Every structure is written in structure tokens, then in C-alpha cells.
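Source file: input.csv. Holds: CSV, N, CA and C atoms.
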chain,number,residue,atom,x,y,z
A,287,MET,N,64.5,104.0,-68.3
A,287,MET,CA,65.2,103.1,-67.5
A,287,MET,C,64.5,101.7,-67.6
A,288,ARG,N,65.3,100.7,-67.7
A,288,ARG,CA,64.7,99.4,-67.8
A,288,ARG,C,64.2,98.8,-66.5
A,289,VAL,N,63.2,98.1,-66.5
A,289,VAL,CA,62.7,97.5,-65.3
A,289,VAL,C,63.7,96.4,-64.8
A,290,GLY,N,64.0,96.5,-63.5
A,290,GLY,CA,64.9,95.5,-62.9
A,290,GLY,C,66.3,96.0,-62.9
A,291,ARG,N,66.7,97.1,-63.6
A,291,ARG,CA,68.0,97.6,-63.5
A,291,ARG,C,68.2,98.6,-62.4
A,292,ARG,N,69.3,98.7,-61.8
A,292,ARG,CA,69.5,99.6,-60.7
A,292,ARG,C,70.5,100.7,-61.1
A,293,GLY,N,70.4,101.9,-60.5
A,293,GLY,CA,71.3,103.0,-60.8
A,293,GLY,C,70.6,104.1,-61.5
A,294,PHE,N,71.4,105.1,-62.0
A,294,PHE,CA,70.9,106.3,-62.6
A,294,PHE,C,71.3,106.3,-64.0
A,295,THR,N,70.5,107.0,-64.8
A,295,THR,CA,70.9,107.2,-66.2
A,295,THR,C,71.9,108.4,-66.3
A,296,LEU,N,72.6,108.5,-67.4
A,296,LEU,CA,73.5,109.6,-67.6
A,296,LEU,C,72.8,110.9,-67.6
A,297,ALA,N,71.6,111.0,-68.2
A,297,ALA,CA,70.9,112.2,-68.2
A,297,ALA,C,70.5,112.7,-66.7
A,298,GLU,N,70.1,111.7,-65.9
A,298,GLU,CA,69.8,112.1,-64.5
A,298,GLU,C,71.1,112.6,-63.8
A,299,ILE,N,72.2,112.0,-64.0
A,299,ILE,CA,73.4,112.4,-63.4
A,299,ILE,C,73.8,113.8,-63.8
A,300,LEU,N,73.7,114.1,-65.1
A,300,LEU,CA,74.0,115.4,-65.7
A,300,LEU,C,73.1,116.5,-65.1
A,301,VAL,N,71.8,116.2,-65.0
A,301,VAL,CA,70.9,117.2,-64.4
A,301,VAL,C,71.2,117.4,-62.9
A,302,ALA,N,71.6,116.4,-62.2
A,302,ALA,CA,71.9,116.6,-60.8
A,302,ALA,C,73.2,117.4,-60.7
A,303,LEU,N,74.2,117.2,-61.6
A,303,LEU,CA,75.4,118.0,-61.6
A,303,LEU,C,75.1,119.5,-61.9
A,304,VAL,N,74.2,119.8,-62.8
A,304,VAL,CA,73.9,121.1,-63.2
A,304,VAL,C,73.2,121.8,-62.0
A,305,VAL,N,72.3,121.1,-61.3
A,305,VAL,CA,71.6,121.7,-60.1
A,305,VAL,C,72.7,122.0,-59.0
A,306,LEU,N,73.6,121.1,-58.8
A,306,LEU,CA,74.6,121.2,-57.8
A,306,LEU,C,75.5,122.4,-58.2
A,307,ALA,N,75.9,122.6,-59.4
A,307,ALA,CA,76.8,123.7,-59.9
A,307,ALA,C,76.1,125.0,-59.7
A,308,VAL,N,74.8,125.1,-60.0
A,308,VAL,CA,74.1,126.4,-59.8
A,308,VAL,C,74.0,126.7,-58.3
A,309,GLY,N,73.8,125.7,-57.5
A,309,GLY,CA,73.8,125.9,-56.0
A,309,GLY,C,75.1,126.4,-55.5
A,310,LEU,N,76.2,125.8,-56.0
A,310,LEU,CA,77.5,126.2,-55.5
A,310,LEU,C,77.9,127.6,-56.0
A,311,LEU,N,77.4,128.0,-57.2
A,311,LEU,CA,77.6,129.4,-57.6
A,311,LEU,C,76.9,130.4,-56.7
A,312,GLY,N,75.7,130.1,-56.3
A,312,GLY,CA,75.0,130.9,-55.4
A,312,GLY,C,75.7,131.1,-54.0
A,313,VAL,N,76.2,130.0,-53.5
A,313,VAL,CA,76.9,130.0,-52.2
A,313,VAL,C,78.2,130.8,-52.4
A,314,SER,N,79.0,130.6,-53.5
A,314,SER,CA,80.2,131.3,-53.6
A,314,SER,C,80.0,132.8,-53.8
A,315,GLY,N,78.9,133.2,-54.4
A,315,GLY,CA,78.6,134.6,-54.5
A,315,GLY,C,78.2,135.2,-53.1
A,316,THR,N,77.6,134.4,-52.3
A,316,THR,CA,77.3,134.9,-51.0
A,316,THR,C,78.6,135.1,-50.2
A,317,PHE,N,79.5,134.1,-50.3
A,317,PHE,CA,80.8,134.2,-49.6
A,317,PHE,C,81.6,135.5,-50.0
A,318,LEU,N,81.5,135.7,-51.3
A,318,LEU,CA,82.2,136.9,-51.9
A,318,LEU,C,81.6,138.2,-51.3
A,319,TYR,N,80.3,138.3,-51.3
A,319,TYR,CA,79.6,139.5,-50.8
A,319,TYR,C,79.9,139.6,-49.3
A,320,ALA,N,80.0,138.5,-48.6
A,320,ALA,CA,80.3,138.6,-47.1
A,320,ALA,C,81.7,139.1,-46.9
A,321,ALA,N,82.6,138.6,-47.7
A,321,ALA,CA,84.0,139.1,-47.5
A,321,ALA,C,84.2,140.6,-47.8
A,322,GLN,N,83.5,141.1,-48.8
A,322,GLN,CA,83.5,142.5,-49.1
A,322,GLN,C,82.9,143.3,-48.0
A,323,THR,N,81.8,142.8,-47.5
A,323,THR,CA,81.1,143.5,-46.4
A,323,THR,C,82.0,143.6,-45.1
A,324,MET,N,82.7,142.5,-44.9
A,324,MET,CA,83.6,142.4,-43.7
A,324,MET,C,84.7,143.4,-43.9
A,325,ALA,N,85.3,143.5,-45.1
A,325,ALA,CA,86.4,144.4,-45.3
A,325,ALA,C,85.9,145.8,-45.1
A,326,ARG,N,84.7,146.2,-45.6
A,326,ARG,CA,84.2,147.5,-45.5
A,326,ARG,C,83.9,147.8,-44.0
A,327,ALA,N,83.4,146.9,-43.2
A,327,ALA,CA,83.2,147.0,-41.8
A,327,ALA,C,84.5,147.3,-41.1
A,328,ARG,N,85.5,146.5,-41.4
A,328,ARG,CA,86.8,146.7,-40.8
A,328,ARG,C,87.4,148.1,-41.1
A,329,ASP,N,87.3,148.6,-42.3
A,329,ASP,CA,87.7,149.9,-42.6
A,329,ASP,C,86.9,151.0,-41.9
A,330,LEU,N,85.6,150.8,-41.8
A,330,LEU,CA,84.8,151.7,-41.1
A,330,LEU,C,85.1,151.8,-39.6
A,331,GLU,N,85.4,150.7,-39.0
A,331,GLU,CA,85.8,150.6,-37.6
A,331,GLU,C,87.1,151.4,-37.4
A,332,TRP,N,88.1,151.1,-38.3
A,332,TRP,CA,89.4,151.8,-38.2
A,332,TRP,C,89.2,153.3,-38.3
A,333,ALA,N,88.3,153.7,-39.3
A,333,ALA,CA,88.0,155.1,-39.5
A,333,ALA,C,87.4,155.8,-38.3
A,334,VAL,N,86.4,155.1,-37.7
A,334,VAL,CA,85.8,155.6,-36.5
A,334,VAL,C,86.8,155.8,-35.4
A,335,GLN,N,87.7,154.9,-35.2
A,335,GLN,CA,88.7,155.0,-34.1
A,335,GLN,C,89.6,156.2,-34.4
A,336,GLU,N,90.0,156.3,-35.7
A,336,GLU,CA,90.9,157.4,-36.1
A,336,GLU,C,90.3,158.7,-35.9
A,337,VAL,N,89.0,158.9,-36.4
A,337,VAL,CA,88.3,160.1,-36.2
A,337,VAL,C,88.1,160.5,-34.8
A,338,ARG,N,87.8,159.5,-34.0
A,338,ARG,CA,87.6,159.7,-32.5
A,338,ARG,C,88.9,160.2,-31.9
A,339,ALA,N,90.0,159.6,-32.2
A,339,ALA,CA,91.3,160.1,-31.7
A,339,ALA,C,91.6,161.5,-32.1
A,340,ILE,N,91.4,161.8,-33.4
A,340,ILE,CA,91.6,163.2,-33.9
A,340,ILE,C,90.7,164.2,-33.2
A,341,ALA,N,89.4,163.9,-33.0
A,341,ALA,CA,88.5,164.8,-32.4
A,341,ALA,C,88.9,165.0,-30.9
A,342,ASP,N,89.3,163.9,-30.2
A,342,ASP,CA,89.8,164.0,-28.8
A,342,ASP,C,91.0,164.9,-28.8
A,343,SER,N,91.9,164.7,-29.7
A,343,SER,CA,93.2,165.5,-29.7
A,343,SER,C,92.8,167.0,-29.9
A,344,LEU,N,92.0,167.3,-30.9
A,344,LEU,CA,91.6,168.6,-31.2
A,344,LEU,C,90.9,169.3,-30.0
A,345,ALA,N,90.1,168.5,-29.3
A,345,ALA,CA,89.4,169.0,-28.1
A,345,ALA,C,90.3,169.2,-27.0
A,346,ARG,N,91.3,168.3,-26.8
A,346,ARG,CA,92.2,168.4,-25.7
A,346,ARG,C,93.2,169.5,-25.8
A,347,PHE,N,93.8,169.6,-27.0
A,347,PHE,CA,94.9,170.5,-27.2
A,347,PHE,C,94.5,171.8,-28.0
A,348,GLY,N,93.3,171.9,-28.4
A,348,GLY,CA,92.8,173.1,-29.1
A,348,GLY,C,93.0,172.9,-30.6
A,349,ALA,N,92.1,173.5,-31.3
A,349,ALA,CA,92.1,173.4,-32.8
A,349,ALA,C,93.1,174.3,-33.4
A,350,ALA,N,94.2,173.8,-33.9
A,350,ALA,CA,95.3,174.6,-34.4
A,350,ALA,C,95.2,174.9,-35.9
A,351,GLY,N,94.4,174.2,-36.6
A,351,GLY,CA,94.3,174.4,-38.1
A,351,GLY,C,94.0,173.1,-38.8
A,352,ASP,N,94.1,173.2,-40.1
A,352,ASP,CA,93.8,172.1,-41.0
A,352,ASP,C,94.9,171.0,-40.9
A,353,GLY,N,94.6,169.8,-41.3
A,353,GLY,CA,95.6,168.8,-41.4
A,353,GLY,C,95.1,167.5,-42.0
A,354,GLY,N,95.9,166.5,-42.0
A,354,GLY,CA,95.6,165.2,-42.6
A,354,GLY,C,96.6,164.2,-42.3
A,355,LEU,N,96.3,163.0,-42.5
A,355,LEU,CA,97.2,161.9,-42.3
A,355,LEU,C,96.8,160.7,-43.2
A,356,GLU,N,97.7,159.8,-43.4
A,356,GLU,CA,97.4,158.5,-44.1
A,356,GLU,C,97.2,157.4,-43.1
A,357,ALA,N,96.0,156.8,-43.1
A,357,ALA,CA,95.7,155.7,-42.2
A,357,ALA,C,95.7,154.4,-43.0
A,358,PRO,N,95.7,153.3,-42.3
A,358,PRO,CA,95.7,152.0,-43.1
A,358,PRO,C,94.6,151.8,-44.1
A,359,PHE,N,93.5,152.4,-43.8
A,359,PHE,CA,92.3,152.3,-44.7
A,359,PHE,C,92.3,153.3,-45.8
A,360,GLY,N,93.0,154.5,-45.6
A,360,GLY,CA,92.9,155.6,-46.6
A,360,GLY,C,93.2,156.9,-45.9
A,361,PRO,N,93.0,158.0,-46.6
A,361,PRO,CA,93.3,159.3,-46.1
A,361,PRO,C,92.3,159.8,-45.1
A,362,VAL,N,92.8,160.6,-44.1
A,362,VAL,CA,91.9,161.2,-43.1
A,362,VAL,C,92.3,162.7,-43.2
A,363,ARG,N,91.3,163.6,-43.3
A,363,ARG,CA,91.5,165.0,-43.4
A,363,ARG,C,90.6,165.8,-42.4
A,364,TRP,N,91.1,166.9,-41.9
A,364,TRP,CA,90.3,167.7,-41.1
A,364,TRP,C,90.5,169.2,-41.4
A,365,THR,N,89.5,170.0,-41.2
A,365,THR,CA,89.5,171.4,-41.4
A,365,THR,C,88.9,172.0,-40.1
A,366,VAL,N,89.4,173.2,-39.7
A,366,VAL,CA,89.0,173.9,-38.5
A,366,VAL,C,88.6,175.3,-38.9
A,367,GLU,N,87.4,175.7,-38.5
A,367,GLU,CA,86.9,177.1,-38.8
A,367,GLU,C,86.3,177.7,-37.5
A,368,GLY,N,86.6,179.0,-37.3
A,368,GLY,CA,85.9,179.7,-36.2
A,368,GLY,C,86.8,179.9,-35.0
A,369,ARG,N,86.4,180.9,-34.2
A,369,ARG,CA,87.0,181.3,-32.9
A,369,ARG,C,85.9,181.9,-32.0
A,370,PRO,N,85.9,181.8,-30.7
A,370,PRO,CA,86.8,181.0,-29.9
A,370,PRO,C,86.4,179.5,-29.9
A,371,VAL,N,85.2,179.2,-30.3
A,371,VAL,CA,84.9,177.8,-30.4
A,371,VAL,C,85.0,177.4,-31.9
A,372,ALA,N,85.7,176.4,-32.2
A,372,ALA,CA,85.9,176.0,-33.6
A,372,ALA,C,85.0,174.9,-34.0
A,373,LEU,N,84.6,174.8,-35.2
A,373,LEU,CA,83.9,173.7,-35.8
A,373,LEU,C,84.9,172.9,-36.6
A,374,ALA,N,85.2,171.7,-36.2
A,374,ALA,CA,86.2,170.8,-36.9
A,374,ALA,C,85.4,169.8,-37.7
A,375,ARG,N,85.7,169.8,-39.0
A,375,ARG,CA,85.1,168.8,-39.8
A,375,ARG,C,86.2,167.7,-40.2
A,376,ILE,N,85.9,166.5,-39.9
A,376,ILE,CA,86.8,165.4,-40.1
A,376,ILE,C,86.2,164.4,-41.1
A,377,THR,N,87.0,164.1,-42.1
A,377,THR,CA,86.5,163.1,-43.1
A,377,THR,C,87.5,162.0,-43.2
A,378,ALA,N,87.0,160.8,-43.4
A,378,ALA,CA,87.9,159.6,-43.7
A,378,ALA,C,87.4,158.9,-44.9
A,379,LYS,N,88.3,158.7,-45.8
A,379,LYS,CA,87.9,158.0,-47.1
A,379,LYS,C,88.7,156.7,-47.2
A,380,SER,N,88.1,155.8,-48.0
A,380,SER,CA,88.7,154.5,-48.2
A,380,SER,C,89.7,154.7,-49.3
A,381,ARG,N,90.6,153.7,-49.5
A,381,ARG,CA,91.6,153.8,-50.6
A,381,ARG,C,90.9,153.8,-52.0
A,382,SER,N,89.7,153.3,-52.1
A,382,SER,CA,89.0,153.3,-53.4
A,382,SER,C,88.3,154.7,-53.6
A,383,GLY,N,88.4,155.6,-52.6
A,383,GLY,CA,87.8,156.9,-52.7
A,383,GLY,C,86.5,157.1,-52.2
A,384,GLY,N,85.9,156.0,-51.7
A,384,GLY,CA,84.5,156.1,-51.1
A,384,GLY,C,84.6,156.7,-49.7
A,385,LEU,N,83.6,157.5,-49.4
A,385,LEU,CA,83.5,158.2,-48.1
A,385,LEU,C,83.1,157.1,-47.0
A,386,LEU,N,84.0,157.0,-46.0
A,386,LEU,CA,83.7,156.1,-44.9
A,386,LEU,C,82.9,156.9,-43.7
A,387,ILE,N,83.4,158.1,-43.4
A,387,ILE,CA,82.8,158.8,-42.3
A,387,ILE,C,83.1,160.3,-42.5
A,388,ASP,N,82.1,161.1,-42.1
A,388,ASP,CA,82.2,162.6,-42.2
A,388,ASP,C,81.5,163.2,-41.0
A,389,VAL,N,82.3,163.7,-40.1
A,389,VAL,CA,81.7,164.3,-38.8
A,389,VAL,C,82.2,165.7,-38.6
A,390,SER,N,81.3,166.5,-37.9
A,390,SER,CA,81.7,167.8,-37.5
A,390,SER,C,81.6,167.9,-36.0
A,391,VAL,N,82.6,168.4,-35.3
A,391,VAL,CA,82.6,168.5,-33.9
A,391,VAL,C,83.0,169.9,-33.5
A,392,LEU,N,82.5,170.4,-32.3
A,392,LEU,CA,82.9,171.7,-31.7
A,392,LEU,C,84.0,171.4,-30.8
A,393,VAL,N,85.1,172.2,-31.0
A,393,VAL,CA,86.3,172.1,-30.2
A,393,VAL,C,86.8,173.4,-29.8
A,394,PRO,N,87.5,173.6,-28.7
A,394,PRO,CA,88.0,174.9,-28.3
A,394,PRO,C,89.0,175.3,-29.3
A,395,ALA,N,89.0,176.6,-29.7
A,395,ALA,CA,90.0,177.1,-30.7
A,395,ALA,C,91.4,177.1,-30.1
A,396,SER,N,91.5,177.3,-28.8
A,396,SER,CA,92.9,177.2,-28.2
A,396,SER,C,92.7,176.8,-26.8
A,397,THR,N,93.7,176.2,-26.2
A,397,THR,CA,93.7,175.7,-24.8
A,397,THR,C,94.7,176.5,-24.0
A,398,PRO,N,94.3,177.0,-22.8
A,398,PRO,CA,95.2,177.8,-22.0
A,398,PRO,C,96.4,176.9,-21.6
A,399,ALA,N,97.5,177.6,-21.4
A,399,ALA,CA,98.7,176.9,-21.0
A,399,ALA,C,98.5,176.2,-19.7
A,400,GLY,N,99.0,175.0,-19.6
A,400,GLY,CA,98.8,174.2,-18.3
A,400,GLY,C,99.9,174.6,-17.3
A,401,PRO,N,99.8,174.1,-16.1
A,401,PRO,CA,100.8,174.4,-15.1
A,401,PRO,C,102.2,173.9,-15.4
As a first step, turn the structure in this file into C-alpha cells.
Amino acid sequence: MRVGRRGFTLAEILVALVVLAVGLLGVSGTFLYAAQTMARARDLEWAVQEVRAIADSLARFGAAGDGGLEAPFGPVRWTVEGRPVALARITAKSRSGGLLIDVSVLVPASTPAGP
């Protein structure tokens, strides 16, 4: 750079743009990772709520057998084994096939008729 001239050279500007581009790539990668993590957390929350509702229903009305349903995040399945107290295993998977939650709960095998 000449003495007495003001401003930046083309090389300095190009180096600054490369540094800025690398920084922006890092930030965009972080945002992408955060979005994926938030989507997984949402699916996990839905799965926990669905599994809790199924476990409550099995406990309240008695374990009648195996079953399943399609939830917004993916399939939920349950199996029931044993008498008079049954062990219910409930699994929820994401649409991509990854396991979100897998729980086992003890539930009554049957509920006496109410009044």
C-alpha cells in the first residue's frame, strides 16, 4: 500500500470476505444442528405424552392385549404379558425408524366391572 493513500487493497478485502464466509458457514451449521435437535425434542415430548396416556389407559381399564397406533411422530406399539398383573411394554419410534422411548409398566390384567 502506498504511503498517503487511504483504503484497503483488493487482497485485504478478499481475505476479509473469506474469513466472513467461513464464520457464516459455522453459524449456519449450528442453526441446522439446533433445528434438528428441536425437532427430535418435539417428537420425544409427543412420544412421552402418548406413552403416558397409553400406560394410564392400560392401568385404568386393564391390559386387554397387544395393540398399536400411528401418532404424529411415528408408530406406537404395546405388548401385554402375564396374569393377574401384566407387564406392558410400550415403544414409540420416529418416522425415520429411530427409537424414541421404550418403557415397561405393571398394569392390572383386568379391571372389575364398575357400578
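Pairwise distance (atom CA of Ala374 of chain A, atom CA of Leu386 of chain A) equals 16.9 Å.
Interatomic distance, atom CA of Phe359 of chain A to atom CA of Glu336 of chain A: 10.1 Å.
The coordinates place atom CA of Glu356 of chain A at 11.0 Å from atom CA of Ala333 of chain A.
The smallest atom-to-atom distance between Arg381 of chain A and any of A:Val393, A:Ile340, A:Leu303, A:Pro361, using only N, CA and C atoms, is found for A:Pro361.
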Apply DSSP to the backbone of this structure and, from chain A, keep only the residues in strand (DSSP E); write these as an MDAnalysis selection string.
chainID A and resid 353:357 360:367 371:379 385:394
Using the selection just defined, write its residues with N, CA and C atoms as an mmCIF file, in the frame of the given file.
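Full text of out_21.cif as output:
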data_model
loop_
_atom_site.group_PDB
_atom_site.id
_atom_site.type_symbol
_atom_site.label_atom_id
_atom_site.label_comp_id
_atom_site.auth_asym_id
_atom_site.auth_seq_id
_atom_site.Cartn_x
_atom_site.Cartn_y
_atom_site.Cartn_z
ATOM 1 N N GLY A 353 94.600 169.800 -41.300
ATOM 2 C CA GLY A 353 95.600 168.800 -41.400
ATOM 3 C C GLY A 353 95.100 167.500 -42.000
ATOM 4 N N GLY A 354 95.900 166.500 -42.000
ATOM 5 C CA GLY A 354 95.600 165.200 -42.600
ATOM 6 C C GLY A 354 96.600 164.200 -42.300
ATOM 7 N N LEU A 355 96.300 163.000 -42.500
ATOM 8 C CA LEU A 355 97.200 161.900 -42.300
ATOM 9 C C LEU A 355 96.800 160.700 -43.200
ATOM 10 N N GLU A 356 97.700 159.800 -43.400
ATOM 11 C CA GLU A 356 97.400 158.500 -44.100
ATOM 12 C C GLU A 356 97.200 157.400 -43.100
ATOM 13 N N ALA A 357 96.000 156.800 -43.100
ATOM 14 C CA ALA A 357 95.700 155.700 -42.200
ATOM 15 C C ALA A 357 95.700 154.400 -43.000
ATOM 16 N N GLY A 360 93.000 154.500 -45.600
ATOM 17 C CA GLY A 360 92.900 155.600 -46.600
ATOM 18 C C GLY A 360 93.200 156.900 -45.900
ATOM 19 N N PRO A 361 93.000 158.000 -46.600
ATOM 20 C CA PRO A 361 93.300 159.300 -46.100
ATOM 21 C C PRO A 361 92.300 159.800 -45.100
ATOM 22 N N VAL A 362 92.800 160.600 -44.100
ATOM 23 C CA VAL A 362 91.900 161.200 -43.100
ATOM 24 C C VAL A 362 92.300 162.700 -43.200
ATOM 25 N N ARG A 363 91.300 163.600 -43.300
ATOM 26 C CA ARG A 363 91.500 165.000 -43.400
ATOM 27 C C ARG A 363 90.600 165.800 -42.400
ATOM 28 N N TRP A 364 91.100 166.900 -41.900
ATOM 29 C CA TRP A 364 90.300 167.700 -41.100
ATOM 30 C C TRP A 364 90.500 169.200 -41.400
ATOM 31 N N THR A 365 89.500 170.000 -41.200
ATOM 32 C CA THR A 365 89.500 171.400 -41.400
ATOM 33 C C THR A 365 88.900 172.000 -40.100
ATOM 34 N N VAL A 366 89.400 173.200 -39.700
ATOM 35 C CA VAL A 366 89.000 173.900 -38.500
ATOM 36 C C VAL A 366 88.600 175.300 -38.900
ATOM 37 N N GLU A 367 87.400 175.700 -38.500
ATOM 38 C CA GLU A 367 86.900 177.100 -38.800
ATOM 39 C C GLU A 367 86.300 177.700 -37.500
ATOM 40 N N VAL A 371 85.200 179.200 -30.300
ATOM 41 C CA VAL A 371 84.900 177.800 -30.400
ATOM 42 C C VAL A 371 85.000 177.400 -31.900
ATOM 43 N N ALA A 372 85.700 176.400 -32.200
ATOM 44 C CA ALA A 372 85.900 176.000 -33.600
ATOM 45 C C ALA A 372 85.000 174.900 -34.000
ATOM 46 N N LEU A 373 84.600 174.800 -35.200
ATOM 47 C CA LEU A 373 83.900 173.700 -35.800
ATOM 48 C C LEU A 373 84.900 172.900 -36.600
ATOM 49 N N ALA A 374 85.200 171.700 -36.200
ATOM 50 C CA ALA A 374 86.200 170.800 -36.900
ATOM 51 C C ALA A 374 85.400 169.800 -37.700
ATOM 52 N N ARG A 375 85.700 169.800 -39.000
ATOM 53 C CA ARG A 375 85.100 168.800 -39.800
ATOM 54 C C ARG A 375 86.200 167.700 -40.200
ATOM 55 N N ILE A 376 85.900 166.500 -39.900
ATOM 56 C CA ILE A 376 86.800 165.400 -40.100
ATOM 57 C C ILE A 376 86.200 164.400 -41.100
ATOM 58 N N THR A 377 87.000 164.100 -42.100
ATOM 59 C CA THR A 377 86.500 163.100 -43.100
ATOM 60 C C THR A 377 87.500 162.000 -43.200
ATOM 61 N N ALA A 378 87.000 160.800 -43.400
ATOM 62 C CA ALA A 378 87.900 159.600 -43.700
ATOM 63 C C ALA A 378 87.400 158.900 -44.900
ATOM 64 N N LYS A 379 88.300 158.700 -45.800
ATOM 65 C CA LYS A 379 87.900 158.000 -47.100
ATOM 66 C C LYS A 379 88.700 156.700 -47.200
ATOM 67 N N LEU A 385 83.600 157.500 -49.400
ATOM 68 C CA LEU A 385 83.500 158.200 -48.100
ATOM 69 C C LEU A 385 83.100 157.100 -47.000
ATOM 70 N N LEU A 386 84.000 157.000 -46.000
ATOM 71 C CA LEU A 386 83.700 156.100 -44.900
ATOM 72 C C LEU A 386 82.900 156.900 -43.700
ATOM 73 N N ILE A 387 83.400 158.100 -43.400
ATOM 74 C CA ILE A 387 82.800 158.800 -42.300
ATOM 75 C C ILE A 387 83.100 160.300 -42.500
ATOM 76 N N ASP A 388 82.100 161.100 -42.100
ATOM 77 C CA ASP A 388 82.200 162.600 -42.200
ATOM 78 C C ASP A 388 81.500 163.200 -41.000
ATOM 79 N N VAL A 389 82.300 163.700 -40.100
ATOM 80 C CA VAL A 389 81.700 164.300 -38.800
ATOM 81 C C VAL A 389 82.200 165.700 -38.600
ATOM 82 N N SER A 390 81.300 166.500 -37.900
ATOM 83 C CA SER A 390 81.700 167.800 -37.500
ATOM 84 C C SER A 390 81.600 167.900 -36.000
ATOM 85 N N VAL A 391 82.600 168.400 -35.300
ATOM 86 C CA VAL A 391 82.600 168.500 -33.900
ATOM 87 C C VAL A 391 83.000 169.900 -33.500
ATOM 88 N N LEU A 392 82.500 170.400 -32.300
ATOM 89 C CA LEU A 392 82.900 171.700 -31.700
ATOM 90 C C LEU A 392 84.000 171.400 -30.800
ATOM 91 N N VAL A 393 85.100 172.200 -31.000
ATOM 92 C CA VAL A 393 86.300 172.100 -30.200
ATOM 93 C C VAL A 393 86.800 173.400 -29.800
ATOM 94 N N PRO A 394 87.500 173.600 -28.700
ATOM 95 C CA PRO A 394 88.000 174.900 -28.300
ATOM 96 C C PRO A 394 89.000 175.300 -29.300
#
Could you go through chain A and tell me which residues DSSP, when run on the backbone, assigns to helix (DSSP H, G or I), listing them as an MDAnalysis selection string?
chainID A and resid 296:347
Within 10 Å of segment 313-329 of chain A using only C-alpha atoms, minus same-chain residues under 4 positions, as a list in words
Ala307, Val308, Gly309, Ala333, Val334, Gln335, Ala357, Pro358, Phe359, Gly360, Ala378, Lys379, Ser380, Arg381 and Leu386 of chain A
Tell me which protein, DNA and RNA residues are within 7 Å of Asp388 of chain A, counting only N, CA and C atoms, leaving out same-chain ones fewer than 6 positions away, and put them as a PDB file with N, CA and C atoms, in the frame of the given file.
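Below is the file that was written, result07.pdb:
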ATOM      1  N   ARG A 375      85.700 169.800 -39.000  1.00  0.00           N
ATOM      2  CA  ARG A 375      85.100 168.800 -39.800  1.00  0.00           C
ATOM      3  C   ARG A 375      86.200 167.700 -40.200  1.00  0.00           C
ATOM      4  N   ILE A 376      85.900 166.500 -39.900  1.00  0.00           N
ATOM      5  CA  ILE A 376      86.800 165.400 -40.100  1.00  0.00           C
ATOM      6  C   ILE A 376      86.200 164.400 -41.100  1.00  0.00           C
ATOM      7  N   THR A 377      87.000 164.100 -42.100  1.00  0.00           N
ATOM      8  CA  THR A 377      86.500 163.100 -43.100  1.00  0.00           C
ATOM      9  C   THR A 377      87.500 162.000 -43.200  1.00  0.00           C
ATOM     10  N   ALA A 378      87.000 160.800 -43.400  1.00  0.00           N
ATOM     11  CA  ALA A 378      87.900 159.600 -43.700  1.00  0.00           C
ATOM     12  C   ALA A 378      87.400 158.900 -44.900  1.00  0.00           C
TER      13      ALA A 378
END
